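Only one structure is covered here, and it is reproduced in the block below.
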Amino acid sequence: MRKLLLIYFVPLCMFSQTYIDMTEDLSDISETLLIDGNLLRKKNDTQGEIIILGKNMVIKNNARIILNNVIVQLSGDIILEDEAEIYPKFIDSYIFCKNSDQWNSKYIIVKSGYKDVSLSKIKYIRKIKGNPKIHIYDPSGKKVYSGRKDEIKEVKLTIGRYDLRVEGKSFESDLLFY
């Protein structure tokens, strides 16, 4: 009976990032591209972060891009072809890419390496004054780090959204660590 309960409840408690390769879809956007993280979570039976992978994002004509609750990680660039106009709508979503000269947005993060991030480089953590104890939780509520601020120099996490609790001070939820 115990094993049966574990098999049933463990998947509900697990947090993982689900990677979905959409290189083909992202390489030729000429109409409307809708990527809904909530539907992808349901389809993949996960509560974790949905990470969309691709090489280059090539936008043609009058393209509409709607991203809902996902992170897009490109190993290349965002390319707008001649005369292309873009009509984006980002809902709690971000695009990471190596270059985006033609399209600037606060939701587009240009970064050369983005597999993981050092906690010591995260702006939310750097702004904390003193050396308090901090706790970092993934979206499922699982604690992924606990310790003093000055002990984070070698600690790395994958890019994603996390909750940050500073003992005796504050609690911030759904922060993007990149």
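Residues in the structure tokens are named by chain (A, B, ... in the order shown) and by number from 1 within that chain; ligands are numbered from 1 in the order shown.
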List as JSON, numbers by chain the protein and nucleic acid residues near A:Leu40, meaning an atom at most 10 Å away when only C-alpha atoms are counted, but skip any in the same chain fewer than 5 places from it. {"A": [18, 20, 35, 45, 46, 47, 49, 50, 69, 70]}
7 Å contact set for A:Lys149, only C-alpha atoms, chain neighbours under 2 positions out, as JSON, numbers by chain: {"A": [131, 132, 133, 134, 147, 151, 152]}
Would you save the residues from that selection as a tab-separated table (two decimals), in the first residue's frame, using N, CA, C and O atoms?
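Result file is selection03.tsv:
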```
chain	number	residue	atom	x	y	z
A	131	ASN	N	24.51	40.02	5.93
A	131	ASN	CA	24.76	38.61	5.65
A	131	ASN	C	23.67	37.74	6.27
A	131	ASN	O	23.94	36.85	7.06
A	132	PRO	N	22.40	37.99	5.89
A	132	PRO	CA	21.33	37.20	6.49
A	132	PRO	C	21.27	35.79	5.90
A	132	PRO	O	21.86	35.51	4.85
A	133	LYS	N	20.53	34.95	6.56
A	133	LYS	CA	20.28	33.61	6.03
A	133	LYS	C	19.19	33.73	4.97
A	133	LYS	O	18.18	34.41	5.18
A	134	ILE	N	19.40	33.08	3.84
A	134	ILE	CA	18.42	33.11	2.76
A	134	ILE	C	17.99	31.69	2.42
A	134	ILE	O	18.75	30.74	2.60
A	147	GLY	N	21.15	29.00	3.28
A	147	GLY	CA	22.44	29.36	3.84
A	147	GLY	C	22.61	30.87	3.91
A	147	GLY	O	21.71	31.63	3.57
A	151	GLU	N	27.84	32.75	1.54
A	151	GLU	CA	28.20	31.37	1.21
A	151	GLU	C	27.72	30.96	-0.18
A	151	GLU	O	27.83	29.79	-0.54
A	152	ILE	N	27.22	31.88	-0.98
A	152	ILE	CA	26.61	31.51	-2.27
A	152	ILE	C	27.55	31.61	-3.46
A	152	ILE	O	27.13	31.34	-4.58
```
So that I can check the secondary structure, give me every residue of stretch 25-133 of chain A assigned helix (DSSP H, G or I) by backbone DSSP, as a list in words.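 Here are the helix (DSSP H, G or I) residues of stretch 25-133 of chain A: Asp25, Leu26, Gly37, Asn38, Leu39, Leu40, Arg41, Lys42, Lys43, Asn44, Leu119, Ser120, Lys121, Lys123, Tyr124, Ile125 and Arg126 of chain A.
Near stretch 157-165 of chain A, within 6 Å and counting only C-alpha atoms, sit Asp116, Val117, Ile134, His135, Ile136, Tyr137, Asp138, Phe171, Glu172, Ser173, Asp174, Leu175, Leu176, Phe177 and Tyr178 of chain A, not including residues fewer than 6 positions from it in the same chain.
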Output file for the residues above (all heavy atoms, as a short mmCIF file (atom, residue, chain, number, x, y, z; two decimals), in the first residue's frame):
```
data_model
loop_
_atom_site.label_atom_id
_atom_site.label_comp_id
_atom_site.auth_asym_id
_atom_site.auth_seq_id
_atom_site.Cartn_x
_atom_site.Cartn_y
_atom_site.Cartn_z
N ASP A 116 23.05 27.70 -16.66
CA ASP A 116 22.80 27.89 -15.23
C ASP A 116 23.32 29.26 -14.83
O ASP A 116 23.95 29.95 -15.60
CB ASP A 116 23.44 26.78 -14.39
CG ASP A 116 24.92 26.60 -14.68
OD1 ASP A 116 25.57 27.53 -15.21
OD2 ASP A 116 25.45 25.53 -14.37
N VAL A 117 23.01 29.63 -13.59
CA VAL A 117 23.38 30.96 -13.12
C VAL A 117 23.94 30.85 -11.71
O VAL A 117 23.46 30.06 -10.90
CB VAL A 117 22.15 31.91 -13.18
CG1 VAL A 117 21.03 31.42 -12.30
CG2 VAL A 117 22.52 33.32 -12.81
N ILE A 134 19.40 33.08 3.84
CA ILE A 134 18.42 33.11 2.76
C ILE A 134 17.99 31.69 2.42
O ILE A 134 18.75 30.74 2.60
CB ILE A 134 18.94 33.85 1.51
CG1 ILE A 134 20.19 33.18 0.95
CG2 ILE A 134 19.22 35.30 1.80
CD1 ILE A 134 20.65 33.76 -0.37
N HIS A 135 16.78 31.60 1.93
CA HIS A 135 16.22 30.32 1.50
C HIS A 135 15.65 30.53 0.10
O HIS A 135 14.95 31.52 -0.14
CB HIS A 135 15.12 29.85 2.44
CG HIS A 135 15.53 29.81 3.87
ND1 HIS A 135 16.27 28.79 4.41
CD2 HIS A 135 15.31 30.68 4.88
CE1 HIS A 135 16.48 29.03 5.69
NE2 HIS A 135 15.92 30.18 6.00
N ILE A 136 15.93 29.60 -0.79
CA ILE A 136 15.42 29.69 -2.16
C ILE A 136 14.58 28.44 -2.42
O ILE A 136 15.01 27.32 -2.15
CB ILE A 136 16.57 29.80 -3.17
CG1 ILE A 136 17.38 31.08 -2.88
CG2 ILE A 136 16.04 29.80 -4.60
CD1 ILE A 136 18.63 31.22 -3.69
N TYR A 137 13.38 28.68 -2.98
CA TYR A 137 12.44 27.60 -3.24
C TYR A 137 12.09 27.57 -4.72
O TYR A 137 11.94 28.61 -5.35
CB TYR A 137 11.15 27.81 -2.45
CG TYR A 137 11.35 27.91 -0.96
CD1 TYR A 137 11.61 29.15 -0.36
CD2 TYR A 137 11.30 26.79 -0.16
CE1 TYR A 137 11.80 29.24 1.01
CE2 TYR A 137 11.49 26.87 1.21
CZ TYR A 137 11.74 28.10 1.79
OH TYR A 137 11.94 28.19 3.15
N ASP A 138 11.91 26.37 -5.27
CA ASP A 138 11.43 26.26 -6.64
C ASP A 138 9.91 26.43 -6.63
O ASP A 138 9.30 26.51 -5.55
CB ASP A 138 11.90 24.95 -7.28
CG ASP A 138 11.30 23.71 -6.64
OD1 ASP A 138 10.23 23.80 -6.01
OD2 ASP A 138 11.90 22.64 -6.77
N PHE A 171 9.94 38.21 1.82
CA PHE A 171 9.69 37.03 0.99
C PHE A 171 9.29 37.53 -0.39
O PHE A 171 8.35 38.31 -0.51
CB PHE A 171 8.59 36.15 1.58
CG PHE A 171 8.33 34.92 0.78
CD1 PHE A 171 9.11 33.78 0.97
CD2 PHE A 171 7.33 34.88 -0.18
CE1 PHE A 171 8.88 32.63 0.23
CE2 PHE A 171 7.10 33.74 -0.93
CZ PHE A 171 7.87 32.61 -0.73
N GLU A 172 10.02 37.15 -1.40
CA GLU A 172 9.72 37.54 -2.78
C GLU A 172 9.37 36.27 -3.54
O GLU A 172 10.05 35.25 -3.42
CB GLU A 172 10.94 38.19 -3.45
CG GLU A 172 11.46 39.41 -2.74
CD GLU A 172 10.73 40.66 -3.14
OE1 GLU A 172 10.10 40.68 -4.20
OE2 GLU A 172 10.80 41.65 -2.39
N SER A 173 8.32 36.32 -4.35
CA SER A 173 7.94 35.12 -5.09
C SER A 173 8.07 35.32 -6.59
O SER A 173 8.00 36.43 -7.09
CB SER A 173 6.50 34.72 -4.74
OG SER A 173 5.62 35.73 -5.10
N ASP A 174 8.29 34.22 -7.26
CA ASP A 174 8.30 34.16 -8.73
C ASP A 174 9.35 35.08 -9.35
O ASP A 174 9.09 35.77 -10.32
CB ASP A 174 6.91 34.52 -9.25
CG ASP A 174 6.53 33.68 -10.46
OD1 ASP A 174 7.12 32.60 -10.64
OD2 ASP A 174 5.63 34.11 -11.22
N LEU A 175 10.56 35.08 -8.80
CA LEU A 175 11.66 35.90 -9.33
C LEU A 175 12.38 35.13 -10.43
O LEU A 175 12.66 33.95 -10.28
CB LEU A 175 12.65 36.25 -8.23
CG LEU A 175 12.13 37.04 -7.04
CD1 LEU A 175 13.18 37.15 -5.96
CD2 LEU A 175 11.69 38.43 -7.49
N LEU A 176 12.69 35.81 -11.53
CA LEU A 176 13.43 35.17 -12.62
C LEU A 176 14.92 35.25 -12.29
O LEU A 176 15.48 36.33 -12.13
CB LEU A 176 13.16 35.89 -13.93
CG LEU A 176 13.88 35.31 -15.15
CD1 LEU A 176 13.40 33.90 -15.46
CD2 LEU A 176 13.69 36.21 -16.36
N PHE A 177 15.57 34.10 -12.15
CA PHE A 177 17.02 34.03 -11.91
C PHE A 177 17.68 33.74 -13.25
O PHE A 177 17.42 32.71 -13.86
CB PHE A 177 17.35 32.90 -10.93
CG PHE A 177 17.03 33.19 -9.49
CD1 PHE A 177 16.27 34.28 -9.11
CD2 PHE A 177 17.51 32.36 -8.50
CE1 PHE A 177 15.99 34.54 -7.78
CE2 PHE A 177 17.23 32.61 -7.16
CZ PHE A 177 16.47 33.69 -6.80
N TYR A 178 18.54 34.66 -13.71
CA TYR A 178 19.25 34.47 -14.97
C TYR A 178 20.62 35.08 -14.90
O TYR A 178 20.92 35.89 -14.08
CB TYR A 178 18.47 35.04 -16.15
CG TYR A 178 18.27 36.53 -16.09
CD1 TYR A 178 19.17 37.38 -16.72
CD2 TYR A 178 17.18 37.10 -15.44
CE1 TYR A 178 18.99 38.76 -16.69
CE2 TYR A 178 16.99 38.45 -15.40
CZ TYR A 178 17.89 39.28 -16.03
OH TYR A 178 17.70 40.63 -15.99
#
```
For A:Leu119, the closest of A:Asp101, A:Glu154, A:Asp92, A:Asp28 counting only C-alpha atoms is A:Glu154
Contacts of A:Asn61 at 9 Å or less, counting only C-alpha atoms, minus same-chain residues fewer than 6 places along, as a PyMOL selection string? chain A and resi 29-31+80-86
For the residues in the current selection, export C-alpha atoms as an mmCIF file, in the first residue's frame.
```cif
data_model
loop_
_atom_site.group_PDB
_atom_site.id
_atom_site.type_symbol
_atom_site.label_atom_id
_atom_site.label_comp_id
_atom_site.auth_asym_id
_atom_site.auth_seq_id
_atom_site.Cartn_x
_atom_site.Cartn_y
_atom_site.Cartn_z
ATOM 1 C CA ILE A 29 7.527 32.798 -38.006
ATOM 2 C CA SER A 30 5.429 34.486 -40.677
ATOM 3 C CA GLU A 31 1.952 34.415 -39.144
ATOM 4 C CA LEU A 80 13.845 40.227 -38.352
ATOM 5 C CA GLU A 81 13.789 39.878 -42.136
ATOM 6 C CA ASP A 82 13.400 43.005 -44.308
ATOM 7 C CA GLU A 83 10.089 44.803 -43.917
ATOM 8 C CA ALA A 84 9.037 42.456 -41.109
ATOM 9 C CA GLU A 85 6.816 43.911 -38.434
ATOM 10 C CA ILE A 86 6.224 42.124 -35.178
#
```
Would you please extract all strand (DSSP E) residues from stretch 85-166 of chain A, as assigned by DSSP on the backbone, and give them as a PDB file with N, CA and C atoms, in the first residue's frame?
```pdb
ATOM      1  N   GLU A  85       7.348  43.216 -39.603  1.00  0.00           N
ATOM      2  CA  GLU A  85       6.816  43.911 -38.434  1.00  0.00           C
ATOM      3  C   GLU A  85       6.365  42.846 -37.459  1.00  0.00           C
ATOM      4  N   ILE A  86       6.557  43.126 -36.185  1.00  0.00           N
ATOM      5  CA  ILE A  86       6.224  42.124 -35.178  1.00  0.00           C
ATOM      6  C   ILE A  86       5.207  42.692 -34.202  1.00  0.00           C
ATOM      7  N   TYR A  87       4.266  41.854 -33.841  1.00  0.00           N
ATOM      8  CA  TYR A  87       3.233  42.225 -32.886  1.00  0.00           C
ATOM      9  C   TYR A  87       3.298  41.225 -31.724  1.00  0.00           C
ATOM     10  N   PRO A  88       4.125  41.522 -30.720  1.00  0.00           N
ATOM     11  CA  PRO A  88       4.316  40.546 -29.631  1.00  0.00           C
ATOM     12  C   PRO A  88       3.362  40.761 -28.467  1.00  0.00           C
ATOM     13  N   LYS A  89       3.116  39.682 -27.759  1.00  0.00           N
ATOM     14  CA  LYS A  89       2.404  39.744 -26.488  1.00  0.00           C
ATOM     15  C   LYS A  89       3.077  38.721 -25.578  1.00  0.00           C
ATOM     16  N   PHE A  90       3.745  39.221 -24.544  1.00  0.00           N
ATOM     17  CA  PHE A  90       4.432  38.361 -23.588  1.00  0.00           C
ATOM     18  C   PHE A  90       3.674  38.410 -22.268  1.00  0.00           C
ATOM     19  N   ILE A  91       3.219  37.270 -21.822  1.00  0.00           N
ATOM     20  CA  ILE A  91       2.530  37.165 -20.543  1.00  0.00           C
ATOM     21  C   ILE A  91       3.413  36.304 -19.645  1.00  0.00           C
ATOM     22  N   TYR A  94       9.735  35.163 -21.152  1.00  0.00           N
ATOM     23  CA  TYR A  94      11.003  35.793 -21.511  1.00  0.00           C
ATOM     24  C   TYR A  94      11.657  35.024 -22.646  1.00  0.00           C
ATOM     25  N   ILE A  95      12.486  35.738 -23.416  1.00  0.00           N
ATOM     26  CA  ILE A  95      13.297  35.108 -24.458  1.00  0.00           C
ATOM     27  C   ILE A  95      14.754  35.367 -24.116  1.00  0.00           C
ATOM     28  N   PHE A  96      15.560  34.310 -24.076  1.00  0.00           N
ATOM     29  CA  PHE A  96      17.008  34.416 -23.918  1.00  0.00           C
ATOM     30  C   PHE A  96      17.623  34.135 -25.280  1.00  0.00           C
ATOM     31  N   CYS A  97      18.546  34.997 -25.712  1.00  0.00           N
ATOM     32  CA  CYS A  97      19.195  34.797 -26.997  1.00  0.00           C
ATOM     33  C   CYS A  97      20.602  35.382 -26.946  1.00  0.00           C
ATOM     34  N   ILE A 108      13.275  40.455 -23.570  1.00  0.00           N
ATOM     35  CA  ILE A 108      14.337  39.778 -24.327  1.00  0.00           C
ATOM     36  C   ILE A 108      15.639  39.998 -23.580  1.00  0.00           C
ATOM     37  N   ILE A 109      16.272  38.915 -23.197  1.00  0.00           N
ATOM     38  CA  ILE A 109      17.504  38.986 -22.420  1.00  0.00           C
ATOM     39  C   ILE A 109      18.638  38.438 -23.275  1.00  0.00           C
ATOM     40  N   VAL A 110      19.568  39.321 -23.604  1.00  0.00           N
ATOM     41  CA  VAL A 110      20.716  38.933 -24.426  1.00  0.00           C
ATOM     42  C   VAL A 110      21.812  38.446 -23.489  1.00  0.00           C
ATOM     43  N   ASP A 116      23.047  27.704 -16.656  1.00  0.00           N
ATOM     44  CA  ASP A 116      22.795  27.887 -15.232  1.00  0.00           C
ATOM     45  C   ASP A 116      23.317  29.255 -14.827  1.00  0.00           C
ATOM     46  N   VAL A 117      23.013  29.633 -13.594  1.00  0.00           N
ATOM     47  CA  VAL A 117      23.381  30.965 -13.125  1.00  0.00           C
ATOM     48  C   VAL A 117      23.937  30.850 -11.714  1.00  0.00           C
ATOM     49  N   SER A 118      24.963  31.616 -11.460  1.00  0.00           N
ATOM     50  CA  SER A 118      25.554  31.657 -10.131  1.00  0.00           C
ATOM     51  C   SER A 118      24.691  32.540  -9.234  1.00  0.00           C
ATOM     52  N   LYS A 133      20.528  34.945   6.556  1.00  0.00           N
ATOM     53  CA  LYS A 133      20.281  33.612   6.033  1.00  0.00           C
ATOM     54  C   LYS A 133      19.191  33.728   4.973  1.00  0.00           C
ATOM     55  N   ILE A 134      19.403  33.081   3.840  1.00  0.00           N
ATOM     56  CA  ILE A 134      18.418  33.112   2.764  1.00  0.00           C
ATOM     57  C   ILE A 134      17.989  31.694   2.420  1.00  0.00           C
ATOM     58  N   HIS A 135      16.780  31.598   1.926  1.00  0.00           N
ATOM     59  CA  HIS A 135      16.222  30.319   1.496  1.00  0.00           C
ATOM     60  C   HIS A 135      15.651  30.534   0.101  1.00  0.00           C
ATOM     61  N   ILE A 136      15.928  29.605  -0.789  1.00  0.00           N
ATOM     62  CA  ILE A 136      15.420  29.686  -2.160  1.00  0.00           C
ATOM     63  C   ILE A 136      14.579  28.442  -2.424  1.00  0.00           C
ATOM     64  N   TYR A 137      13.383  28.675  -2.979  1.00  0.00           N
ATOM     65  CA  TYR A 137      12.441  27.596  -3.238  1.00  0.00           C
ATOM     66  C   TYR A 137      12.085  27.573  -4.720  1.00  0.00           C
ATOM     67  N   LYS A 143      12.704  23.396  -1.178  1.00  0.00           N
ATOM     68  CA  LYS A 143      13.850  24.251  -0.872  1.00  0.00           C
ATOM     69  C   LYS A 143      15.056  23.767  -1.684  1.00  0.00           C
ATOM     70  N   VAL A 144      15.632  24.662  -2.509  1.00  0.00           N
ATOM     71  CA  VAL A 144      16.788  24.291  -3.323  1.00  0.00           C
ATOM     72  C   VAL A 144      18.082  24.880  -2.784  1.00  0.00           C
ATOM     73  N   TYR A 145      17.981  25.852  -1.881  1.00  0.00           N
ATOM     74  CA  TYR A 145      19.170  26.408  -1.231  1.00  0.00           C
ATOM     75  C   TYR A 145      18.775  27.028   0.102  1.00  0.00           C
ATOM     76  N   SER A 146      19.664  26.852   1.077  1.00  0.00           N
ATOM     77  CA  SER A 146      19.499  27.479   2.370  1.00  0.00           C
ATOM     78  C   SER A 146      20.887  27.763   2.928  1.00  0.00           C
ATOM     79  N   GLY A 147      21.146  29.004   3.280  1.00  0.00           N
ATOM     80  CA  GLY A 147      22.445  29.363   3.837  1.00  0.00           C
ATOM     81  C   GLY A 147      22.612  30.868   3.906  1.00  0.00           C
ATOM     82  N   ARG A 148      23.769  31.287   4.371  1.00  0.00           N
ATOM     83  CA  ARG A 148      24.084  32.713   4.491  1.00  0.00           C
ATOM     84  C   ARG A 148      24.409  33.294   3.111  1.00  0.00           C
ATOM     85  N   LYS A 156      25.164  27.221  -7.938  1.00  0.00           N
ATOM     86  CA  LYS A 156      24.533  27.513  -9.223  1.00  0.00           C
ATOM     87  C   LYS A 156      23.182  26.823  -9.301  1.00  0.00           C
ATOM     88  N   LEU A 157      22.245  27.485  -9.962  1.00  0.00           N
ATOM     89  CA  LEU A 157      20.925  26.929 -10.230  1.00  0.00           C
ATOM     90  C   LEU A 157      20.639  27.085 -11.716  1.00  0.00           C
ATOM     91  N   THR A 158      19.741  26.267 -12.238  1.00  0.00           N
ATOM     92  CA  THR A 158      19.339  26.449 -13.625  1.00  0.00           C
ATOM     93  C   THR A 158      18.473  27.698 -13.735  1.00  0.00           C
ATOM     94  N   GLY A 160      15.494  29.981 -14.222  1.00  0.00           N
ATOM     95  CA  GLY A 160      14.083  29.736 -13.980  1.00  0.00           C
ATOM     96  C   GLY A 160      13.534  30.711 -12.960  1.00  0.00           C
ATOM     97  N   ARG A 161      12.325  30.444 -12.502  1.00  0.00           N
ATOM     98  CA  ARG A 161      11.673  31.295 -11.517  1.00  0.00           C
ATOM     99  C   ARG A 161      11.750  30.622 -10.141  1.00  0.00           C
ATOM    100  N   TYR A 162      12.073  31.431  -9.149  1.00  0.00           N
ATOM    101  CA  TYR A 162      12.239  30.928  -7.792  1.00  0.00           C
ATOM    102  C   TYR A 162      11.632  31.901  -6.793  1.00  0.00           C
ATOM    103  N   ASP A 163      11.355  31.388  -5.600  1.00  0.00           N
ATOM    104  CA  ASP A 163      10.925  32.227  -4.482  1.00  0.00           C
ATOM    105  C   ASP A 163      12.127  32.429  -3.574  1.00  0.00           C
ATOM    106  N   LEU A 164      12.270  33.639  -3.047  1.00  0.00           N
ATOM    107  CA  LEU A 164      13.405  33.985  -2.203  1.00  0.00           C
ATOM    108  C   LEU A 164      12.898  34.488  -0.850  1.00  0.00           C
ATOM    109  N   ARG A 165      13.371  33.864   0.211  1.00  0.00           N
ATOM    110  CA  ARG A 165      13.003  34.285   1.570  1.00  0.00           C
ATOM    111  C   ARG A 165      14.267  34.726   2.281  1.00  0.00           C
ATOM    112  N   VAL A 166      14.259  35.937   2.782  1.00  0.00           N
ATOM    113  CA  VAL A 166      15.356  36.467   3.578  1.00  0.00           C
ATOM    114  C   VAL A 166      14.873  36.455   5.020  1.00  0.00           C
TER     115      VAL A 166
END
```
Two-atom distance - atom CA of A:Ile122, atom CA of A:Lys106 (Å):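 Atom CA of A:Ile122 sits 16.6 Å away from atom CA of A:Lys106.
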Considering only C-alpha atoms, can you say which of A:Ile66, A:Asp150, A:Thr32, A:Asp77 comes closest to A:Ser120? A:Asp150
Under the rule that only C-alpha atoms are counted, which of A:Gly168, A:Ile125, A:Ile51, A:Leu26 is the nearest residue to A:Val72?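 For A:Val72, the nearest of the candidates is A:Ile51.
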Hey, which of A:Ile59, A:Val155, A:Ile128, A:Leu53 ends up closest to A:Ser170? Count only C-alpha atoms. A:Ile128
From A:Ser75, A:Ser105, A:Ser27, A:Asn68, residue lying nearest A:Ser93 [only C-alpha atoms]: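 Among A:Ser75, A:Ser105, A:Ser27, A:Asn68, it is A:Asn68 that comes nearest to A:Ser93.
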Could you state the separation of atom CA of A:Trp103 and atom CA of A:Ile78 in Å, given to one decimal place?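 Atom-to-atom, atom CA of A:Trp103 to atom CA of A:Ile78, that is 7.6 Å.
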Shell around A:Ile79 at 9 Å using only C-alpha atoms, local window under 6 positions removed, as a list in words: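 Neighbouring residues, sequence-local ones excluded: Asn56, Met57, Val58, Ile59, Lys60, Asn99, Ser100, Asp101, Gln102 and Trp103 of chain A.
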